[in-house]
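Listing of run_3.cif; format and content: mmCIF, C-alpha atoms.
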```cif
data_input
#
loop_
_atom_site.label_atom_id
_atom_site.label_comp_id
_atom_site.auth_asym_id
_atom_site.auth_seq_id
_atom_site.Cartn_x
_atom_site.Cartn_y
_atom_site.Cartn_z
CA MET A 1 106.54 173.64 97.08
CA GLY A 2 104.12 170.99 95.84
CA ASP A 3 103.31 170.96 92.15
CA SER A 4 99.82 169.47 92.16
CA ALA A 5 96.45 169.96 93.80
CA ASP A 6 92.84 169.03 93.40
CA VAL A 7 91.90 172.69 92.93
CA ALA A 8 94.03 175.63 91.79
CA VAL A 9 92.58 179.10 92.35
CA VAL A 10 94.10 182.21 90.77
CA GLY A 11 93.35 185.33 92.80
CA ALA A 12 93.23 185.85 96.57
CA GLY A 13 90.39 188.33 96.58
CA PRO A 14 87.05 187.59 98.28
CA ALA A 15 85.75 185.40 95.43
CA GLY A 16 88.86 183.26 95.14
CA LEU A 17 89.26 182.81 98.89
CA ALA A 18 85.58 181.95 99.37
CA THR A 19 85.93 179.28 96.69
CA ALA A 20 89.10 177.94 98.30
CA ILE A 21 87.56 177.78 101.79
CA ALA A 22 84.49 175.92 100.55
CA ALA A 23 86.58 173.52 98.47
CA ALA A 24 88.97 172.78 101.34
CA ARG A 25 86.09 172.24 103.76
CA ALA A 26 84.71 169.75 101.24
CA GLY A 27 87.96 167.77 101.50
CA LEU A 28 89.83 168.99 98.40
CA ALA A 29 93.54 169.87 98.35
CA THR A 30 93.41 173.52 97.33
CA VAL A 31 96.11 176.00 96.29
CA VAL A 32 95.58 179.74 95.79
CA CYS A 33 98.04 181.70 93.66
CA GLU A 34 98.10 185.47 94.13
CA ARG A 35 100.48 187.81 92.33
CA ALA A 36 100.51 190.33 95.20
CA ALA A 37 102.60 189.76 98.30
CA ALA A 38 99.61 190.29 100.62
CA PRO A 39 95.81 190.54 100.31
CA PRO A 40 95.41 192.98 97.40
CA ASP A 41 93.69 196.35 97.74
CA LYS A 42 91.40 197.32 94.86
CA ALA A 43 88.89 200.03 94.08
CA CYS A 44 85.73 198.89 95.83
CA GLY A 45 82.71 200.45 97.51
CA GLU A 46 83.35 198.09 100.46
CA GLY A 47 79.72 197.63 101.43
CA LEU A 48 78.82 194.03 102.22
CA MET A 49 75.08 193.53 101.88
CA PRO A 50 73.06 191.15 104.13
CA ALA A 51 73.44 188.14 101.82
CA GLY A 52 77.20 188.61 101.86
CA VAL A 53 77.28 188.88 105.66
CA ARG A 54 75.44 185.57 105.88
CA VAL A 55 77.96 183.88 103.57
CA LEU A 56 80.86 185.36 105.53
CA GLU A 57 79.39 183.81 108.69
CA ALA A 58 78.79 180.48 106.95
CA LEU A 59 82.41 180.38 105.77
CA GLY A 60 83.58 180.90 109.35
CA ALA A 61 85.37 184.18 108.58
CA ARG A 62 83.12 186.83 110.15
CA ALA A 63 84.73 186.54 113.59
CA LEU A 64 88.19 186.99 112.05
CA VAL A 65 87.48 190.47 110.63
CA ASP A 66 89.44 193.24 112.32
CA PRO A 67 86.79 195.22 114.27
CA GLU A 68 88.72 198.45 113.64
CA ALA A 69 88.31 197.97 109.90
CA CYS A 70 84.54 197.49 109.72
CA ALA A 71 81.29 199.09 110.82
CA PRO A 72 77.65 197.97 110.76
CA ILE A 73 75.37 199.22 107.99
CA ASP A 74 71.70 199.57 108.82
CA GLY A 75 70.38 201.04 105.59
CA ILE A 76 70.82 202.98 102.37
CA CYS A 77 70.07 206.67 101.95
CA TYR A 78 69.84 208.41 98.57
CA VAL A 79 70.60 212.14 98.69
CA GLN A 80 69.60 214.37 95.77
CA GLU A 81 71.12 217.65 94.60
CA ASP A 82 68.67 219.73 96.63
CA GLY A 83 69.40 217.79 99.81
CA SER A 84 66.17 215.78 99.79
CA ARG A 85 66.55 212.22 100.99
CA ALA A 86 65.01 208.78 100.64
CA ALA A 87 66.19 206.23 103.22
CA GLY A 88 65.46 202.54 103.53
CA ALA A 89 66.49 199.86 106.01
CA LEU A 90 68.46 196.74 105.12
CA PRO A 91 66.89 193.39 105.94
CA ALA A 92 68.39 191.22 108.68
CA PRO A 93 71.20 190.68 109.52
CA GLY A 94 72.06 194.11 108.14
CA GLY A 95 75.19 194.97 106.22
CA LEU A 96 78.83 195.60 106.94
CA GLY A 97 81.10 198.38 105.73
CA ILE A 98 84.53 196.79 105.58
CA ARG A 99 87.96 197.60 104.18
CA ARG A 100 88.55 195.24 101.32
CA THR A 101 92.01 194.40 102.64
CA ALA A 102 90.53 193.47 106.04
CA LEU A 103 87.91 191.25 104.38
CA ALA A 104 90.55 189.49 102.29
CA ALA A 105 92.85 189.12 105.32
CA ALA A 106 90.08 187.48 107.35
CA LEU A 107 89.23 185.13 104.49
CA ALA A 108 92.93 184.30 104.04
CA ARG A 109 93.27 183.40 107.73
CA ARG A 110 90.21 181.21 107.49
CA ALA A 111 91.49 179.57 104.31
CA GLU A 112 94.79 178.69 105.96
CA ALA A 113 92.95 177.28 108.97
CA CYS A 114 91.00 175.06 106.55
CA GLY A 115 94.23 173.76 105.00
CA VAL A 116 94.40 175.91 101.88
CA GLU A 117 97.92 176.60 100.63
CA LEU A 118 98.31 180.31 99.85
CA ARG A 119 101.10 181.20 97.47
CA TRP A 120 101.70 184.94 97.71
CA GLY A 121 103.76 186.69 95.07
CA CYS A 122 102.90 183.92 92.60
CA ALA A 123 101.62 185.31 89.31
CA ALA A 124 99.80 183.14 86.77
CA ALA A 125 101.08 183.39 83.20
CA GLY A 126 98.65 181.06 81.44
CA PHE A 127 97.29 177.53 81.44
CA SER A 128 96.65 174.50 79.30
CA ALA A 129 93.79 172.06 79.80
CA GLY A 130 94.33 168.38 79.15
CA ARG A 131 91.92 165.50 79.33
CA ASP A 132 92.71 164.68 82.97
CA VAL A 133 94.37 167.79 84.43
CA VAL A 134 94.90 171.50 83.97
CA THR A 135 98.44 172.84 83.99
CA LEU A 136 98.84 176.36 85.31
CA GLN A 137 101.99 178.25 84.38
CA THR A 138 103.21 180.59 87.12
CA ASP A 139 106.38 182.56 87.66
CA ALA A 140 107.24 179.97 90.35
CA GLY A 141 106.82 177.01 88.01
CA GLU A 142 104.02 174.76 86.83
CA LEU A 143 101.09 173.68 88.98
CA THR A 144 98.81 170.86 87.88
CA ALA A 145 95.29 170.55 89.19
CA ASP A 146 92.10 168.67 88.49
CA VAL A 147 90.24 171.97 88.07
CA LEU A 148 91.30 175.60 87.67
CA VAL A 149 89.28 178.49 89.10
CA ALA A 150 89.91 181.97 87.69
CA ALA A 151 89.19 184.64 90.29
CA ASP A 152 91.59 187.16 88.79
CA GLY A 153 89.29 190.15 88.66
CA LEU A 154 87.43 192.48 86.38
CA HIS A 155 89.91 192.25 83.48
CA SER A 156 90.68 188.57 83.92
CA ARG A 157 93.59 187.33 81.86
CA LEU A 158 92.54 183.73 82.34
CA ARG A 159 89.01 184.50 81.11
CA HIS A 160 90.58 185.92 77.96
CA ALA A 161 92.93 182.96 77.61
CA ALA A 162 90.00 180.57 77.92
CA GLY A 163 88.07 182.41 75.21
CA LEU A 164 85.05 183.00 77.45
CA GLU A 165 84.83 186.78 77.05
CA ASP A 166 81.87 188.41 75.36
CA ARG A 167 81.25 192.00 74.33
CA ALA A 168 79.63 194.15 77.01
CA ALA A 169 76.78 196.17 75.54
CA ALA A 170 76.61 198.72 78.37
CA ALA A 171 78.19 202.17 78.23
CA ALA A 172 81.64 202.39 79.77
CA ARG A 173 81.45 203.31 83.45
CA PHE A 174 84.35 203.91 85.81
CA GLY A 175 84.90 204.08 89.55
CA MET A 176 87.34 205.67 91.99
CA ARG A 177 87.61 205.48 95.78
CA GLN A 178 89.63 206.84 98.70
CA HIS A 179 89.39 206.61 102.51
CA PHE A 180 89.51 209.35 105.13
CA ARG A 181 90.13 209.36 108.87
CA VAL A 182 86.86 210.73 110.17
CA PRO A 183 84.14 209.09 112.30
CA PRO A 184 81.23 207.94 110.13
CA TRP A 185 78.30 210.35 110.38
CA SER A 186 75.78 207.67 109.47
CA ARG A 187 75.18 203.97 110.14
CA GLY A 188 74.18 203.52 106.54
CA VAL A 189 75.55 203.92 103.04
CA GLU A 190 74.84 207.35 101.61
CA VAL A 191 74.43 207.63 97.85
CA HIS A 192 74.74 211.26 96.71
CA LEU A 193 73.42 211.90 93.22
CA ALA A 194 74.44 214.51 90.66
CA ARG A 195 74.21 214.74 86.90
CA GLY A 196 76.51 212.13 85.37
CA VAL A 197 78.12 210.94 88.62
CA GLU A 198 77.28 209.32 91.96
CA ALA A 199 79.16 209.48 95.27
CA PHE A 200 78.97 206.65 97.81
CA VAL A 201 79.88 207.17 101.46
CA THR A 202 80.47 203.94 103.39
CA PRO A 203 81.50 203.52 107.04
CA ALA A 204 84.64 201.36 107.13
CA GLY A 205 85.54 201.40 110.82
CA ALA A 206 84.89 203.55 113.88
CA GLY A 207 87.18 206.28 112.55
CA ARG A 208 87.11 205.80 108.78
CA VAL A 209 84.82 206.39 105.83
CA GLY A 210 85.29 205.33 102.24
CA ILE A 211 84.25 207.67 99.43
CA ALA A 212 83.62 206.09 96.04
CA PHE A 213 82.57 207.76 92.79
CA LEU A 214 80.96 206.19 89.75
CA TRP A 215 80.57 207.93 86.40
CA GLU A 216 79.98 207.25 82.74
CA LYS A 217 82.60 207.95 80.12
CA GLY A 218 81.91 211.13 78.20
CA ARG A 219 79.43 212.59 80.68
CA LEU A 220 81.94 214.65 82.66
CA ASP A 221 83.82 217.65 81.32
CA GLY A 222 87.59 217.96 81.67
CA PRO A 223 90.08 215.63 83.37
CA VAL A 224 88.80 213.34 86.12
CA SER A 225 90.45 213.28 89.55
CA PHE A 226 89.25 212.46 93.04
CA ALA A 227 89.47 216.12 94.07
CA ARG A 228 87.45 217.29 91.06
CA LEU A 229 84.80 214.66 91.63
CA LEU A 230 84.51 215.63 95.29
CA GLU A 231 83.89 219.25 94.28
CA ARG A 232 80.60 218.12 92.72
CA PHE A 233 79.34 217.09 96.17
CA PRO A 234 79.79 220.05 98.53
CA ALA A 235 77.87 218.40 101.38
CA VAL A 236 80.30 215.46 101.36
CA ALA A 237 83.31 217.74 100.95
CA GLN A 238 82.21 219.74 103.98
CA ARG A 239 82.06 216.56 106.09
CA LEU A 240 85.61 215.71 105.02
CA ALA A 241 87.06 219.18 105.61
CA GLY A 242 90.34 218.81 107.52
CA ALA A 243 90.20 214.98 107.55
CA ALA A 244 93.41 213.12 106.78
CA ALA A 245 93.48 210.74 103.85
CA ASP A 246 93.67 207.09 104.92
CA SER A 247 94.45 205.59 101.52
CA GLN A 248 95.48 206.59 98.03
CA PRO A 249 92.84 207.08 95.33
CA ARG A 250 92.26 203.90 93.33
CA GLY A 251 90.33 203.59 90.10
CA ALA A 252 88.68 200.80 88.15
CA GLY A 253 86.95 200.35 84.83
CA PRO A 254 85.43 199.94 82.42
CA LEU A 255 83.12 198.19 84.87
CA ALA A 256 80.79 196.29 82.54
CA GLN A 257 82.20 192.87 81.62
CA ALA A 258 80.37 190.09 79.83
CA VAL A 259 81.03 186.37 79.47
CA ARG A 260 79.69 183.75 77.07
CA THR A 261 79.71 181.17 79.85
CA ARG A 262 81.35 180.84 83.27
CA THR A 263 82.61 177.30 82.81
CA ALA A 264 84.58 175.09 80.45
CA ASP A 265 86.09 171.66 80.89
CA ARG A 266 88.08 171.72 84.16
CA PHE A 267 87.74 175.51 84.34
CA ALA A 268 85.45 178.00 86.07
CA LEU A 269 85.18 181.76 86.45
CA VAL A 270 84.12 183.37 89.72
CA GLY A 271 83.78 186.89 91.11
CA ASP A 272 84.28 189.88 88.83
CA ALA A 273 86.02 187.58 86.32
CA ALA A 274 82.64 185.88 85.79
CA GLY A 275 80.96 189.05 84.53
CA TYR A 276 80.02 192.42 85.97
CA VAL A 277 77.37 195.06 85.36
CA ASP A 278 78.01 197.97 87.71
CA ALA A 279 78.82 198.85 91.32
CA ILE A 280 75.81 201.13 91.75
CA THR A 281 73.84 198.68 93.94
CA GLY A 282 76.81 197.63 96.10
CA GLU A 283 76.19 193.91 95.55
CA GLY A 284 79.52 192.93 94.00
CA LEU A 285 81.14 191.57 97.17
CA SER A 286 78.04 189.63 98.20
CA LEU A 287 77.71 188.11 94.74
CA ALA A 288 81.39 187.12 94.76
CA LEU A 289 81.16 185.42 98.15
CA ALA A 290 77.92 183.58 97.37
CA CYS A 291 79.17 182.27 94.02
CA GLY A 292 82.57 181.34 95.47
CA GLN A 293 80.94 179.35 98.25
CA ALA A 294 78.63 177.58 95.80
CA LEU A 295 81.43 176.75 93.39
CA GLY A 296 83.80 175.41 96.05
CA ALA A 297 81.14 173.32 97.75
CA GLY A 298 80.08 171.79 94.43
CA LEU A 299 83.54 170.86 93.19
CA PRO A 300 83.74 167.36 94.74
CA ALA A 301 80.64 166.27 92.82
CA ALA A 302 81.92 167.92 89.65
CA LEU A 303 85.32 166.25 89.99
CA ALA A 304 83.66 162.86 90.51
CA GLN A 305 82.12 163.37 87.05
CA GLY A 306 85.38 164.45 85.41
CA ALA A 307 85.01 168.22 86.00
CA SER A 308 83.65 168.67 82.49
CA ARG A 309 81.56 171.68 81.59
CA ALA A 310 78.48 169.49 81.97
CA ALA A 311 79.66 168.43 85.44
CA LEU A 312 80.07 172.09 86.41
CA ALA A 313 76.55 172.94 85.21
CA PRO A 314 75.06 173.26 88.74
CA TYR A 315 77.46 176.10 89.47
CA GLU A 316 76.73 177.70 86.09
CA ARG A 317 73.01 177.67 86.85
CA PHE A 318 73.46 179.06 90.36
CA ALA A 319 75.80 181.84 89.20
CA ALA A 320 73.55 182.74 86.25
CA HIS A 321 70.53 183.02 88.54
CA GLU A 322 72.37 185.21 91.06
CA PHE A 323 73.83 187.35 88.29
CA ARG A 324 70.44 187.94 86.67
CA ARG A 325 68.95 189.18 89.92
CA TYR A 326 71.92 191.48 90.48
CA ALA A 327 71.85 192.68 86.85
CA VAL A 328 68.15 193.58 86.97
CA ALA A 329 68.67 195.69 90.10
CA CYS A 330 71.76 197.38 88.63
CA ARG A 331 70.14 198.23 85.32
CA THR A 332 67.02 199.56 87.02
CA VAL A 333 69.01 201.89 89.27
CA LEU A 334 71.25 202.94 86.38
CA ALA A 335 68.21 203.79 84.25
CA LEU A 336 66.94 206.07 87.02
CA ALA A 337 70.36 207.66 87.59
CA ARG A 338 70.60 208.57 83.88
CA ARG A 339 67.19 210.29 83.90
CA PRO A 340 67.29 213.02 86.55
CA LEU A 341 63.63 214.01 86.25
CA LEU A 342 62.41 210.43 86.59
CA ARG A 343 64.91 209.76 89.38
CA ARG A 344 63.83 212.82 91.36
CA GLY A 345 60.20 211.85 91.09
CA ALA A 346 60.84 208.23 92.13
CA LEU A 347 62.97 209.20 95.12
CA HIS A 348 60.44 211.83 96.17
CA VAL A 349 57.81 209.08 96.36
CA LEU A 350 60.13 206.71 98.22
CA GLY A 351 61.12 209.48 100.61
CA ARG A 352 57.46 209.94 101.52
CA HIS A 353 56.86 206.19 101.85
CA PRO A 354 59.86 204.67 103.65
CA ARG A 355 58.15 201.33 104.24
CA LEU A 356 57.75 200.92 100.51
CA PHE A 357 61.46 201.65 100.12
CA ASP A 358 62.26 199.05 102.79
CA ARG A 359 60.28 196.43 100.87
CA LEU A 360 61.99 197.29 97.58
CA ILE A 361 65.42 197.03 99.20
CA ALA A 362 64.53 193.67 100.78
CA LEU A 363 63.29 192.42 97.39
CA ALA A 364 66.43 193.57 95.57
CA LEU A 365 68.80 192.13 98.18
CA ALA A 366 66.93 188.91 98.98
#
```

Now that the file is in, can you turn its structure into structure tokens?
Amino acid sequence: MGDSADVAVVGAGPAGLATAIAAARAGLATVVCERAAAPPDKACGEGLMPAGVRVLEALGARALVDPEACAPIDGICYVQEDGSRAAGALPAPGGLGIRRTALAAALARRAEACGVELRWGCAAAGFSAGRDVVTLQTDAGELTADVLVAADGLHSRLRHAAGLEDRAAAAARFGMRQHFRVPPWSRGVEVHLARGVEAFVTPAGAGRVGIAFLWEKGRLDGPVSFARLLERFPAVAQRLAGAAADSQPRGAGPLAQAVRTRTADRFALVGDAAGYVDAITGEGLSLALACGQALGAGLPAALAQGASRAALAPYERFAAHEFRRYAVACRTVLALARRPLLRRGALHVLGRHPRLFDRLIALALA
């Protein structure tokens, strides 16, 4: 095993692998360290929006996705407690419902084809940044690199170690998801709304759907479990009646994570490690892929300038811009979800004017 690289990436999720692919394609020797023995499965809504599909194509990984583990998404449909609906179409090229493990596996195959060294079962313990290199401590020994990329998720240990965390002002929200073996009954994502909780139904293959719940701490009575959450959505429960589970329930949270900055000398955060608002708009995967691609592609220029924080400023600006757009959409939808009367009125209008809804979706996901 080599002990040095141009770029060391911690985390073999979509963000880390997108960064590694872009860096390797730019000519950099890149190593990815992942504590799991295979592409990790995490709680995720698994809807890839149009921008994310375009990045997946640009990275050369779209054709490598297992067709049995994905399904096209044409639109988004909000379903209220009384069964009323407001549906809007996604802009071209449409979206993709995809098992997170299948997405990561495709990206891993593409990364290897690009010359990235993937070190599975290699957990990062910490790092130290010197003037010329960063030294990453792993349970397999030390790895030195010219720049370290932390793509280690929502509760990033490396973000904490680098002192880049900030306090998230948003209320604590949590998520949980599970898959079922049943043919999707829609070519879109369904968002079912109830007081204090939302349910997301995403096609994830010809014979699979993913069900994800999001809720705010303190707004639900009693213990929280997947079965109890499903009881709040009888229309969804009826669709799943008799269907076999295709995964175990997985949870995540608190979802809101804030950072002071995404970069430091010879160090960058990407993906959920770089800050997160909420999963309610389904943009997390697309944001991770876009920022990973931008970071990896920009690393040669940054390294030529010493990989200082100033040299990494183009990535910081790109990521901040993308995050602001995502954050505005998230906070707008969250504000509606927390105010049932306002939400019902807004969705009633959008239900009567689907072209207006299409334009709003295109604007939010541009």

Distance table requested - range 3-30 of chain A against range 119-132 of chain A, cut-off 9 Å, all atoms listed in the file: one row per qualifying residue with the closest atom pair and its distance in Å to one decimal, ordered by chain and rising residue number, as CSV.
```
residue,atom,partner,partner_atom,distance
A:Val10,CA,A:Ala124,CA,7.0
A:Gly11,CA,A:Ala123,CA,9.0
A:Ala12,CA,A:Trp120,CA,8.6
```

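The residue that comes closest to Ala169 in chain A, out of A:Val277, A:Ala310, A:Ala15, A:Leu90 and on the basis of all atoms listed in the file, is A:Val277.
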
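Distances here use all atoms listed in the file; by that measure, the residue among A:Val328, A:Ala194, A:Ala227, A:Leu285 closest to Leu341 in chain A is A:Ala194.
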
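If all atoms listed in the file are the atoms counted, then among A:Arg85, A:Arg208, A:Arg250, A:Arg25 the closest residue to Asp41 in chain A is A:Arg250.
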
Pairwise distance for CA of Pro184 in chain A and CA of Pro203 in chain A, rounded to one decimal in Å: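 Computing it gives 5.4 Å between the two atoms.
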
Shell of 8 Å around Ala171 in chain A, all atoms listed in the file, local chain residues under 2 positions omitted, as JSON, numbers by chain: {"A": [169, 173, 216, 217, 256]}

Report the residues retrieved by the PyMOL selection byres ((chain A and resi 228-241) around 9) from the displayed file, expressed as an mmCIF file with C-alpha atoms, in the frame of the given file.
```cif
data_model
loop_
_atom_site.group_PDB
_atom_site.id
_atom_site.type_symbol
_atom_site.label_atom_id
_atom_site.label_comp_id
_atom_site.auth_asym_id
_atom_site.auth_seq_id
_atom_site.Cartn_x
_atom_site.Cartn_y
_atom_site.Cartn_z
ATOM 1 C CA GLU A 81 71.120 217.650 94.600
ATOM 2 C CA GLY A 83 69.400 217.790 99.810
ATOM 3 C CA PHE A 180 89.510 209.350 105.130
ATOM 4 C CA ARG A 181 90.130 209.360 108.870
ATOM 5 C CA VAL A 182 86.860 210.730 110.170
ATOM 6 C CA TRP A 185 78.300 210.350 110.380
ATOM 7 C CA HIS A 192 74.740 211.260 96.710
ATOM 8 C CA LEU A 193 73.420 211.900 93.220
ATOM 9 C CA ALA A 194 74.440 214.510 90.660
ATOM 10 C CA VAL A 197 78.120 210.940 88.620
ATOM 11 C CA ALA A 199 79.160 209.480 95.270
ATOM 12 C CA VAL A 201 79.880 207.170 101.460
ATOM 13 C CA ILE A 211 84.250 207.670 99.430
ATOM 14 C CA PHE A 213 82.570 207.760 92.790
ATOM 15 C CA PRO A 223 90.080 215.630 83.370
ATOM 16 C CA VAL A 224 88.800 213.340 86.120
ATOM 17 C CA SER A 225 90.450 213.280 89.550
ATOM 18 C CA PHE A 226 89.250 212.460 93.040
ATOM 19 C CA ALA A 227 89.470 216.120 94.070
ATOM 20 C CA GLY A 242 90.340 218.810 107.520
ATOM 21 C CA ALA A 243 90.200 214.980 107.550
ATOM 22 C CA ALA A 244 93.410 213.120 106.780
#
```

Between CA of Ala297 in chain A and CA of Ala61 in chain A - distance in Å to one decimal: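 Pair CA of Ala61 in chain A / CA of Ala297 in chain A returns 15.9 Å.
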
Option closest in space to Thr135 in chain A, from A:Leu289, A:Ala106, A:Leu148, A:Ala302 [counting only C-alpha atoms]: A:Leu148

Close residues, Gly205 in chain A itself excluded, 10 Å, all atoms listed in the file, min 4 positions apart in chain, as a VMD selection string: chain A and resid 66 to 72 96 to 99 181 to 184 209 to 210

Can you sort out the box for range 231-243 of chain A, edges along x, y and z, all listed atoms in, 8 Å on every side, with centre and edge lengths in Å to one decimal, as AutoDock Vina command-line options?
```
--center_x 84.1 --center_y 217.5 --center_z 100.1 --size_x 28.5 --size_y 21.1 --size_z 30.8
```

CA of Gly175 in chain A to CA of Leu103 in chain A, distance in Å rounded to a single decimal: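 It comes out at 19.8 Å.
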
Shell around Gly45 in chain A at 8 Å using only C-alpha atoms, local window under 4 positions removed, as a count of residues only: 8

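For the structure in this document, the set picked by the PyMOL selection byres ((chain A and resi 265) around 9) is A:Ala129, A:Arg131, A:Val147, A:Thr263, A:Ala264, A:Arg266, A:Phe267, A:Ala268, A:Gly306, A:Ala307, A:Ser308, A:Arg309, A:Ala310, A:Ala311, A:Leu312.
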
Minimum-distance residue to Leu118 in chain A, chosen among A:Thr30, A:Gln80, A:Gln137, A:Ser186 (using only C-alpha atoms): A:Thr30

Hits of the PyMOL selection byres ((chain A and resi 93) around 8) in this structure, as a ChimeraX atom specification: /A:50,53-54,90-92,94-95

Let's have the selection written as a tab-separated table (two decimals), keeping the file's coordinate frame, with C-alpha atoms.
```tsv
chain	number	residue	atom	x	y	z
A	50	PRO	CA	73.06	191.15	104.13
A	53	VAL	CA	77.28	188.88	105.66
A	54	ARG	CA	75.44	185.57	105.88
A	90	LEU	CA	68.46	196.74	105.12
A	91	PRO	CA	66.89	193.39	105.94
A	92	ALA	CA	68.39	191.22	108.68
A	94	GLY	CA	72.06	194.11	108.14
A	95	GLY	CA	75.19	194.97	106.22
```

Contacts of Ser84 in chain A at 10 Å (only C-alpha atoms; same-chain gap of 5+ positions) as a PDB file with C-alpha atoms, in the frame of the given file:
```pdb
ATOM      1  CA  TYR A  78      69.840 208.410  98.570  1.00  0.00           C
ATOM      2  CA  VAL A  79      70.600 212.140  98.690  1.00  0.00           C
ATOM      3  CA  ARG A 344      63.830 212.820  91.360  1.00  0.00           C
ATOM      4  CA  LEU A 347      62.970 209.200  95.120  1.00  0.00           C
ATOM      5  CA  HIS A 348      60.440 211.830  96.170  1.00  0.00           C
ATOM      6  CA  GLY A 351      61.120 209.480 100.610  1.00  0.00           C
TER       7      GLY A 351
END
```

Nearest candidate to Ala89 in chain A (options A:Glu46, A:Asp166, A:Asp358, A:Glu112; using all atoms listed in the file): A:Asp358

Nearby residues (only C-alpha atoms) at most 6 Å from range 153-165 of chain A, same-chain spacing under 2 positions excluded, as a ChimeraX atom specification: /A:151,259-260,272-273

What would range 159-173 of chain A look like with N, CA and C atoms restored, written as a PDB file, in the coordinates of the input?
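Result went into selection38.pdb, see below:
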```
ATOM      1  N   ARG A 159      90.271 184.487  81.875  1.00  0.00           N
ATOM      2  CA  ARG A 159      89.010 184.500  81.110  1.00  0.00           C
ATOM      3  C   ARG A 159      89.305 184.713  79.630  1.00  0.00           C
ATOM      4  N   HIS A 160      90.198 185.659  79.345  1.00  0.00           N
ATOM      5  CA  HIS A 160      90.580 185.920  77.960  1.00  0.00           C
ATOM      6  C   HIS A 160      91.279 184.710  77.345  1.00  0.00           C
ATOM      7  N   ALA A 161      92.189 184.120  78.115  1.00  0.00           N
ATOM      8  CA  ALA A 161      92.930 182.960  77.610  1.00  0.00           C
ATOM      9  C   ALA A 161      92.007 181.787  77.323  1.00  0.00           C
ATOM     10  N   ALA A 162      90.934 181.666  78.107  1.00  0.00           N
ATOM     11  CA  ALA A 162      90.000 180.570  77.920  1.00  0.00           C
ATOM     12  C   ALA A 162      88.987 180.840  76.802  1.00  0.00           C
ATOM     13  N   GLY A 163      88.987 182.058  76.278  1.00  0.00           N
ATOM     14  CA  GLY A 163      88.070 182.410  75.210  1.00  0.00           C
ATOM     15  C   GLY A 163      86.626 182.538  75.650  1.00  0.00           C
ATOM     16  N   LEU A 164      86.407 182.914  76.918  1.00  0.00           N
ATOM     17  CA  LEU A 164      85.050 183.000  77.450  1.00  0.00           C
ATOM     18  C   LEU A 164      84.515 184.427  77.488  1.00  0.00           C
ATOM     19  N   GLU A 165      85.282 185.404  77.036  1.00  0.00           N
ATOM     20  CA  GLU A 165      84.830 186.780  77.050  1.00  0.00           C
ATOM     21  C   GLU A 165      83.734 187.007  76.014  1.00  0.00           C
ATOM     22  N   ASP A 166      82.864 187.959  76.321  1.00  0.00           N
ATOM     23  CA  ASP A 166      81.870 188.410  75.360  1.00  0.00           C
ATOM     24  C   ASP A 166      81.904 189.939  75.365  1.00  0.00           C
ATOM     25  N   ARG A 167      81.250 190.544  74.416  1.00  0.00           N
ATOM     26  CA  ARG A 167      81.250 192.000  74.330  1.00  0.00           C
ATOM     27  C   ARG A 167      80.177 192.572  75.250  1.00  0.00           C
ATOM     28  N   ALA A 168      80.568 193.491  76.115  1.00  0.00           N
ATOM     29  CA  ALA A 168      79.630 194.150  77.010  1.00  0.00           C
ATOM     30  C   ALA A 168      78.895 195.251  76.248  1.00  0.00           C
ATOM     31  N   ALA A 169      77.569 195.211  76.293  1.00  0.00           N
ATOM     32  CA  ALA A 169      76.780 196.170  75.540  1.00  0.00           C
ATOM     33  C   ALA A 169      76.603 197.497  76.267  1.00  0.00           C
ATOM     34  N   ALA A 170      76.864 197.515  77.567  1.00  0.00           N
ATOM     35  CA  ALA A 170      76.610 198.720  78.370  1.00  0.00           C
ATOM     36  C   ALA A 170      77.650 199.801  78.085  1.00  0.00           C
ATOM     37  N   ALA A 171      77.258 201.047  78.355  1.00  0.00           N
ATOM     38  CA  ALA A 171      78.190 202.170  78.230  1.00  0.00           C
ATOM     39  C   ALA A 171      79.316 202.012  79.237  1.00  0.00           C
ATOM     40  N   ALA A 172      80.481 202.523  78.891  1.00  0.00           N
ATOM     41  CA  ALA A 172      81.640 202.390  79.770  1.00  0.00           C
ATOM     42  C   ALA A 172      81.482 203.253  81.011  1.00  0.00           C
ATOM     43  N   ARG A 173      81.528 202.609  82.168  1.00  0.00           N
ATOM     44  CA  ARG A 173      81.450 203.310  83.450  1.00  0.00           C
ATOM     45  C   ARG A 173      82.736 203.036  84.226  1.00  0.00           C
TER      46      ARG A 173
END
```
